[in-house]
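Trainee: Encoded as structure tokens, here's the structure I'll be asking about.
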Number of protein chains: 2
Amino acid sequence: MMHEPAALDQMFHALSDRSRRGMVDRLGHGPASVSELAEPLSMALPTVMKHLAVLERSGLVRSEKSGRVRTYRLQRDALAEMERWLVAHKAGWNRAFDRLEQFLADEQPE
Amino acid sequence: MMHEPAALDQMFHALSDRSRRGMVDRLGHGPASVSELAEPLSMALPTVMKHLAVLERSGLVRSEKSGRVRTYRLQRDALAEMERWLVAHKAGWNRAFDRLEQFLADEQPE
């Protein structure tokens with residue numbers, strides 16, 4: 001199951017690296033091969049492939065080999081669970097601060 | 001600057017662990033001490049403190065010591081940048097798939 005906490009672990013981990021976020025950014029414009037993904041990063045192919053393996057294990061991207069070229073594409077809905085988590089917790093965040101503000105307002109001298 | 005990519009690295013990393021996400025969850029209900037955070041986790045205090053240090057370095061939580069008790073609280077707006085990143089990229093995700101669907105529709109025989 002992609003949406004279990006272990007998957008969330010892997011997705012958050014996958015995005016904790018600037019180069020991997022850059023690859024996700026690139027793939028947002030359409031599928032790309034390893035060398036297309038490597039080009040703007042001035043990074044050795046094996047390093048790029050390691051990053052792509054982390055992204056693929058997390059479920060955020062998927063790859064397909066056709067002949068000698070492996071093409072990566074974003075995996076639909078993969079960000080949804082992370083976004084849900086963040087949105088749910090931002091609500092908690094805001095509630096906590098609203099309560100604090102209310103408390104401080106109540107403490108104000110008349 | 002909290003919103004630079006390095007900070008995003010640390011925030012995504014901080015949330016890549018289920019126990020740390022649990023602590024953020026707990027702190028969404030209000031500030032808590034180390035032992036209050038440790039209690040539901042059946043985790044040794046030093047382990048809890050390590051997790052809290054990761055969360056605090058990322059900017060997601062902040063702590064304050066009063067007497068012998070250190071209290072942790074969520075840091076307002078800290079999730080906003082992560083959420084912005086996810087929302088922006090989800091849009092790219094969806095555009096990529098809309099283009100694919102359009103392409104497939106155009107390829108349909110009449």
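Going by the structure tokens order, chains are called A, B, ..., each with residues numbered from 1, while ligands are numbered from 1 in the order shown.
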Extract, using only C-alpha atoms, all DNA, RNA and protein residues at most 10 Å from range 7-22 of chain B, discarding same-chain residues fewer than 3 positions from it, and format them as a ChimeraX atom specification.
Mentor: /A:5-18,21,82,85-86,89 /B:1-4,25-28,37-38,40-41,43,48,50-60,78-79,81-82,85
Trainee: May I ask for the distance between CA of Ser66 in chain A and CA of Val34 in chain A, given in Å to one decimal place?
Mentor: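 Computed distance, CA of Ser66 in chain A to CA of Val34 in chain A, equals 12.5 Å.
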Trainee: Restricting the calculation to only C-alpha atoms: of A:Ala44, A:Glu39, A:Arg62, A:Val87, which residue gets closest to chain B?
Mentor: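 Using only C-alpha atoms, the shortest distance to chain B belongs to A:Val87.
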Trainee: At what distance in Å, to one decimal, does CA of Val61 in chain B lie from CA of Ala91 in chain A?
Mentor: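 Computed distance, CA of Ala91 in chain A to CA of Val61 in chain B, equals 15.3 Å.
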Trainee: Taking only range 7-95 of chain B into account, list the residues labelled alpha helix (DSSP H) by DSSP (computed from the backbone), as a PDB file with N, CA and C atoms, in the first residue's frame.
Mentor:
ATOM      1  N   ALA B   7      16.761  24.561   4.036  1.00  0.00           N
ATOM      2  CA  ALA B   7      15.751  24.416   5.072  1.00  0.00           C
ATOM      3  C   ALA B   7      14.677  23.420   4.629  1.00  0.00           C
ATOM      4  N   LEU B   8      14.335  23.465   3.337  1.00  0.00           N
ATOM      5  CA  LEU B   8      13.373  22.483   2.822  1.00  0.00           C
ATOM      6  C   LEU B   8      13.932  21.068   2.979  1.00  0.00           C
ATOM      7  N   ASP B   9      15.228  20.899   2.681  1.00  0.00           N
ATOM      8  CA  ASP B   9      15.879  19.597   2.887  1.00  0.00           C
ATOM      9  C   ASP B   9      15.617  19.113   4.302  1.00  0.00           C
ATOM     10  N   GLN B  10      15.891  19.996   5.265  1.00  0.00           N
ATOM     11  CA  GLN B  10      15.783  19.590   6.667  1.00  0.00           C
ATOM     12  C   GLN B  10      14.348  19.336   7.094  1.00  0.00           C
ATOM     13  N   MET B  11      13.420  20.119   6.534  1.00  0.00           N
ATOM     14  CA  MET B  11      12.010  19.899   6.906  1.00  0.00           C
ATOM     15  C   MET B  11      11.502  18.579   6.338  1.00  0.00           C
ATOM     16  N   PHE B  12      11.794  18.323   5.063  1.00  0.00           N
ATOM     17  CA  PHE B  12      11.352  17.046   4.492  1.00  0.00           C
ATOM     18  C   PHE B  12      12.015  15.885   5.242  1.00  0.00           C
ATOM     19  N   HIS B  13      13.298  16.055   5.562  1.00  0.00           N
ATOM     20  CA  HIS B  13      13.994  14.995   6.301  1.00  0.00           C
ATOM     21  C   HIS B  13      13.341  14.787   7.674  1.00  0.00           C
ATOM     22  N   ALA B  14      13.028  15.886   8.351  1.00  0.00           N
ATOM     23  CA  ALA B  14      12.440  15.788   9.696  1.00  0.00           C
ATOM     24  C   ALA B  14      11.136  14.992   9.668  1.00  0.00           C
ATOM     25  N   ARG B  18       8.284   8.329  11.101  1.00  0.00           N
ATOM     26  CA  ARG B  18       6.940   8.186  11.673  1.00  0.00           C
ATOM     27  C   ARG B  18       6.845   8.738  13.105  1.00  0.00           C
ATOM     28  N   SER B  19       7.890   8.481  13.918  1.00  0.00           N
ATOM     29  CA  SER B  19       7.857   8.977  15.307  1.00  0.00           C
ATOM     30  C   SER B  19       7.856  10.498  15.330  1.00  0.00           C
ATOM     31  N   ARG B  20       8.662  11.092  14.449  1.00  0.00           N
ATOM     32  CA  ARG B  20       8.699  12.563  14.419  1.00  0.00           C
ATOM     33  C   ARG B  20       7.384  13.129  13.916  1.00  0.00           C
ATOM     34  N   ARG B  21       6.767  12.437  12.950  1.00  0.00           N
ATOM     35  CA  ARG B  21       5.449  12.915  12.503  1.00  0.00           C
ATOM     36  C   ARG B  21       4.447  12.803  13.648  1.00  0.00           C
ATOM     37  N   GLY B  22       4.599  11.760  14.465  1.00  0.00           N
ATOM     38  CA  GLY B  22       3.723  11.602  15.630  1.00  0.00           C
ATOM     39  C   GLY B  22       3.902  12.743  16.628  1.00  0.00           C
ATOM     40  N   MET B  23       5.141  13.189  16.805  1.00  0.00           N
ATOM     41  CA  MET B  23       5.404  14.298  17.728  1.00  0.00           C
ATOM     42  C   MET B  23       4.782  15.594  17.208  1.00  0.00           C
ATOM     43  N   VAL B  24       4.892  15.809  15.908  1.00  0.00           N
ATOM     44  CA  VAL B  24       4.292  16.997  15.294  1.00  0.00           C
ATOM     45  C   VAL B  24       2.771  16.943  15.481  1.00  0.00           C
ATOM     46  N   ASP B  25       2.229  15.735  15.308  1.00  0.00           N
ATOM     47  CA  ASP B  25       0.806  15.505  15.509  1.00  0.00           C
ATOM     48  C   ASP B  25       0.415  15.912  16.933  1.00  0.00           C
ATOM     49  N   ARG B  26       1.151  15.426  17.911  1.00  0.00           N
ATOM     50  CA  ARG B  26       0.883  15.739  19.319  1.00  0.00           C
ATOM     51  C   ARG B  26       0.983  17.244  19.565  1.00  0.00           C
ATOM     52  N   LEU B  27       2.007  17.878  19.013  1.00  0.00           N
ATOM     53  CA  LEU B  27       2.219  19.306  19.243  1.00  0.00           C
ATOM     54  C   LEU B  27       1.150  20.163  18.558  1.00  0.00           C
ATOM     55  N   VAL B  34       9.202  17.232  27.069  1.00  0.00           N
ATOM     56  CA  VAL B  34       9.828  16.031  26.520  1.00  0.00           C
ATOM     57  C   VAL B  34       9.137  14.779  27.048  1.00  0.00           C
ATOM     58  N   SER B  35       8.845  14.751  28.353  1.00  0.00           N
ATOM     59  CA  SER B  35       8.259  13.516  28.892  1.00  0.00           C
ATOM     60  C   SER B  35       6.815  13.325  28.409  1.00  0.00           C
ATOM     61  N   GLU B  36       6.088  14.409  28.221  1.00  0.00           N
ATOM     62  CA  GLU B  36       4.737  14.275  27.648  1.00  0.00           C
ATOM     63  C   GLU B  36       4.807  13.742  26.213  1.00  0.00           C
ATOM     64  N   LEU B  37       5.837  14.167  25.494  1.00  0.00           N
ATOM     65  CA  LEU B  37       5.987  13.691  24.115  1.00  0.00           C
ATOM     66  C   LEU B  37       6.445  12.238  24.089  1.00  0.00           C
ATOM     67  N   ALA B  38       7.252  11.859  25.076  1.00  0.00           N
ATOM     68  CA  ALA B  38       7.797  10.498  25.115  1.00  0.00           C
ATOM     69  C   ALA B  38       6.727   9.475  25.487  1.00  0.00           C
ATOM     70  N   LEU B  45      13.820   8.316  26.710  1.00  0.00           N
ATOM     71  CA  LEU B  45      13.962   9.778  26.640  1.00  0.00           C
ATOM     72  C   LEU B  45      15.081  10.245  25.708  1.00  0.00           C
ATOM     73  N   PRO B  46      16.288   9.627  25.769  1.00  0.00           N
ATOM     74  CA  PRO B  46      17.351  10.119  24.871  1.00  0.00           C
ATOM     75  C   PRO B  46      16.981  10.005  23.395  1.00  0.00           C
ATOM     76  N   THR B  47      16.234   8.949  23.049  1.00  0.00           N
ATOM     77  CA  THR B  47      15.799   8.786  21.652  1.00  0.00           C
ATOM     78  C   THR B  47      14.813   9.888  21.292  1.00  0.00           C
ATOM     79  N   VAL B  48      13.886  10.150  22.202  1.00  0.00           N
ATOM     80  CA  VAL B  48      12.916  11.221  21.973  1.00  0.00           C
ATOM     81  C   VAL B  48      13.641  12.547  21.781  1.00  0.00           C
ATOM     82  N   MET B  49      14.650  12.783  22.624  1.00  0.00           N
ATOM     83  CA  MET B  49      15.375  14.054  22.532  1.00  0.00           C
ATOM     84  C   MET B  49      16.134  14.183  21.213  1.00  0.00           C
ATOM     85  N   LYS B  50      16.628  13.057  20.701  1.00  0.00           N
ATOM     86  CA  LYS B  50      17.305  13.102  19.392  1.00  0.00           C
ATOM     87  C   LYS B  50      16.316  13.500  18.296  1.00  0.00           C
ATOM     88  N   HIS B  51      15.137  12.874  18.347  1.00  0.00           N
ATOM     89  CA  HIS B  51      14.114  13.209  17.345  1.00  0.00           C
ATOM     90  C   HIS B  51      13.719  14.689  17.450  1.00  0.00           C
ATOM     91  N   LEU B  52      13.569  15.155  18.687  1.00  0.00           N
ATOM     92  CA  LEU B  52      13.171  16.557  18.876  1.00  0.00           C
ATOM     93  C   LEU B  52      14.257  17.506  18.366  1.00  0.00           C
ATOM     94  N   ALA B  53      15.518  17.102  18.508  1.00  0.00           N
ATOM     95  CA  ALA B  53      16.615  17.942  17.999  1.00  0.00           C
ATOM     96  C   ALA B  53      16.527  18.053  16.478  1.00  0.00           C
ATOM     97  N   VAL B  54      16.184  16.948  15.813  1.00  0.00           N
ATOM     98  CA  VAL B  54      16.045  16.978  14.349  1.00  0.00           C
ATOM     99  C   VAL B  54      14.898  17.922  13.961  1.00  0.00           C
ATOM    100  N   LEU B  55      13.796  17.810  14.694  1.00  0.00           N
ATOM    101  CA  LEU B  55      12.645  18.680  14.405  1.00  0.00           C
ATOM    102  C   LEU B  55      12.993  20.149  14.645  1.00  0.00           C
ATOM    103  N   GLU B  56      13.732  20.398  15.721  1.00  0.00           N
ATOM    104  CA  GLU B  56      14.056  21.790  16.046  1.00  0.00           C
ATOM    105  C   GLU B  56      15.056  22.377  15.038  1.00  0.00           C
ATOM    106  N   ARG B  57      16.041  21.579  14.620  1.00  0.00           N
ATOM    107  CA  ARG B  57      16.997  22.064  13.604  1.00  0.00           C
ATOM    108  C   ARG B  57      16.283  22.424  12.308  1.00  0.00           C
ATOM    109  N   SER B  58      15.222  21.684  11.992  1.00  0.00           N
ATOM    110  CA  SER B  58      14.512  21.925  10.729  1.00  0.00           C
ATOM    111  C   SER B  58      13.666  23.197  10.786  1.00  0.00           C
ATOM    112  N   ALA B  80       4.394  26.013   5.757  1.00  0.00           N
ATOM    113  CA  ALA B  80       3.856  26.720   4.589  1.00  0.00           C
ATOM    114  C   ALA B  80       4.716  26.525   3.340  1.00  0.00           C
ATOM    115  N   GLU B  81       6.043  26.599   3.511  1.00  0.00           N
ATOM    116  CA  GLU B  81       6.926  26.484   2.354  1.00  0.00           C
ATOM    117  C   GLU B  81       6.865  25.079   1.744  1.00  0.00           C
ATOM    118  N   MET B  82       6.800  24.060   2.611  1.00  0.00           N
ATOM    119  CA  MET B  82       6.702  22.683   2.113  1.00  0.00           C
ATOM    120  C   MET B  82       5.394  22.506   1.350  1.00  0.00           C
ATOM    121  N   GLU B  83       4.340  23.060   1.935  1.00  0.00           N
ATOM    122  CA  GLU B  83       3.039  22.912   1.306  1.00  0.00           C
ATOM    123  C   GLU B  83       3.030  23.626  -0.051  1.00  0.00           C
ATOM    124  N   ARG B  84       3.640  24.832  -0.081  1.00  0.00           N
ATOM    125  CA  ARG B  84       3.721  25.585  -1.335  1.00  0.00           C
ATOM    126  C   ARG B  84       4.423  24.745  -2.395  1.00  0.00           C
ATOM    127  N   TRP B  85       5.536  24.116  -1.990  1.00  0.00           N
ATOM    128  CA  TRP B  85       6.306  23.291  -2.928  1.00  0.00           C
ATOM    129  C   TRP B  85       5.435  22.163  -3.479  1.00  0.00           C
ATOM    130  N   LEU B  86       4.753  21.470  -2.571  1.00  0.00           N
ATOM    131  CA  LEU B  86       3.931  20.329  -2.995  1.00  0.00           C
ATOM    132  C   LEU B  86       2.788  20.760  -3.907  1.00  0.00           C
ATOM    133  N   VAL B  87       2.134  21.859  -3.530  1.00  0.00           N
ATOM    134  CA  VAL B  87       0.991  22.321  -4.317  1.00  0.00           C
ATOM    135  C   VAL B  87       1.464  22.729  -5.715  1.00  0.00           C
ATOM    136  N   ALA B  88       2.587  23.458  -5.775  1.00  0.00           N
ATOM    137  CA  ALA B  88       3.122  23.898  -7.069  1.00  0.00           C
ATOM    138  C   ALA B  88       3.440  22.685  -7.941  1.00  0.00           C
ATOM    139  N   HIS B  89       4.012  21.654  -7.333  1.00  0.00           N
ATOM    140  CA  HIS B  89       4.404  20.503  -8.137  1.00  0.00           C
ATOM    141  C   HIS B  89       3.245  19.600  -8.469  1.00  0.00           C
ATOM    142  N   LYS B  90       2.237  19.594  -7.617  1.00  0.00           N
ATOM    143  CA  LYS B  90       1.055  18.808  -7.953  1.00  0.00           C
ATOM    144  C   LYS B  90       0.408  19.387  -9.199  1.00  0.00           C
ATOM    145  N   ALA B  91       0.473  20.715  -9.343  1.00  0.00           N
ATOM    146  CA  ALA B  91      -0.073  21.345 -10.546  1.00  0.00           C
ATOM    147  C   ALA B  91       0.677  20.838 -11.777  1.00  0.00           C
ATOM    148  N   GLY B  92       2.014  20.766 -11.680  1.00  0.00           N
ATOM    149  CA  GLY B  92       2.834  20.261 -12.788  1.00  0.00           C
ATOM    150  C   GLY B  92       2.461  18.816 -13.104  1.00  0.00           C
ATOM    151  N   TRP B  93       2.357  18.028 -12.065  1.00  0.00           N
ATOM    152  CA  TRP B  93       1.908  16.628 -12.144  1.00  0.00           C
ATOM    153  C   TRP B  93       0.647  16.533 -13.005  1.00  0.00           C
ATOM    154  N   ASN B  94      -0.361  17.343 -12.604  1.00  0.00           N
ATOM    155  CA  ASN B  94      -1.652  17.248 -13.259  1.00  0.00           C
ATOM    156  C   ASN B  94      -1.590  17.713 -14.708  1.00  0.00           C
ATOM    157  N   ARG B  95      -0.824  18.792 -14.951  1.00  0.00           N
ATOM    158  CA  ARG B  95      -0.675  19.267 -16.330  1.00  0.00           C
ATOM    159  C   ARG B  95      -0.076  18.182 -17.201  1.00  0.00           C
TER     160      ARG B  95
END
Trainee: My list of candidates is A:Ala32, A:Ala105, A:Val69, A:Leu74. Which is closest to chain B when distances are computed with only C-alpha atoms?
Mentor: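 Once distances to chain B are computed over only C-alpha atoms, the minimum belongs to A:Leu74.
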Trainee: What's the separation between CA of Tyr72 in chain A and CA of Pro31 in chain A, in Å to one decimal place?
Mentor: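 Spanning CA of Tyr72 in chain A to CA of Pro31 in chain A is a straight-line distance of 5.5 Å.
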Trainee: Looking at A:Lys65, A:Ser42, A:Arg73, A:Asp106, which one is nearest to chain B, with distances taken over only C-alpha atoms?
Mentor: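 Going through A:Lys65, A:Ser42, A:Arg73, A:Asp106 one by one, the smallest distance to chain B is for A:Arg73.
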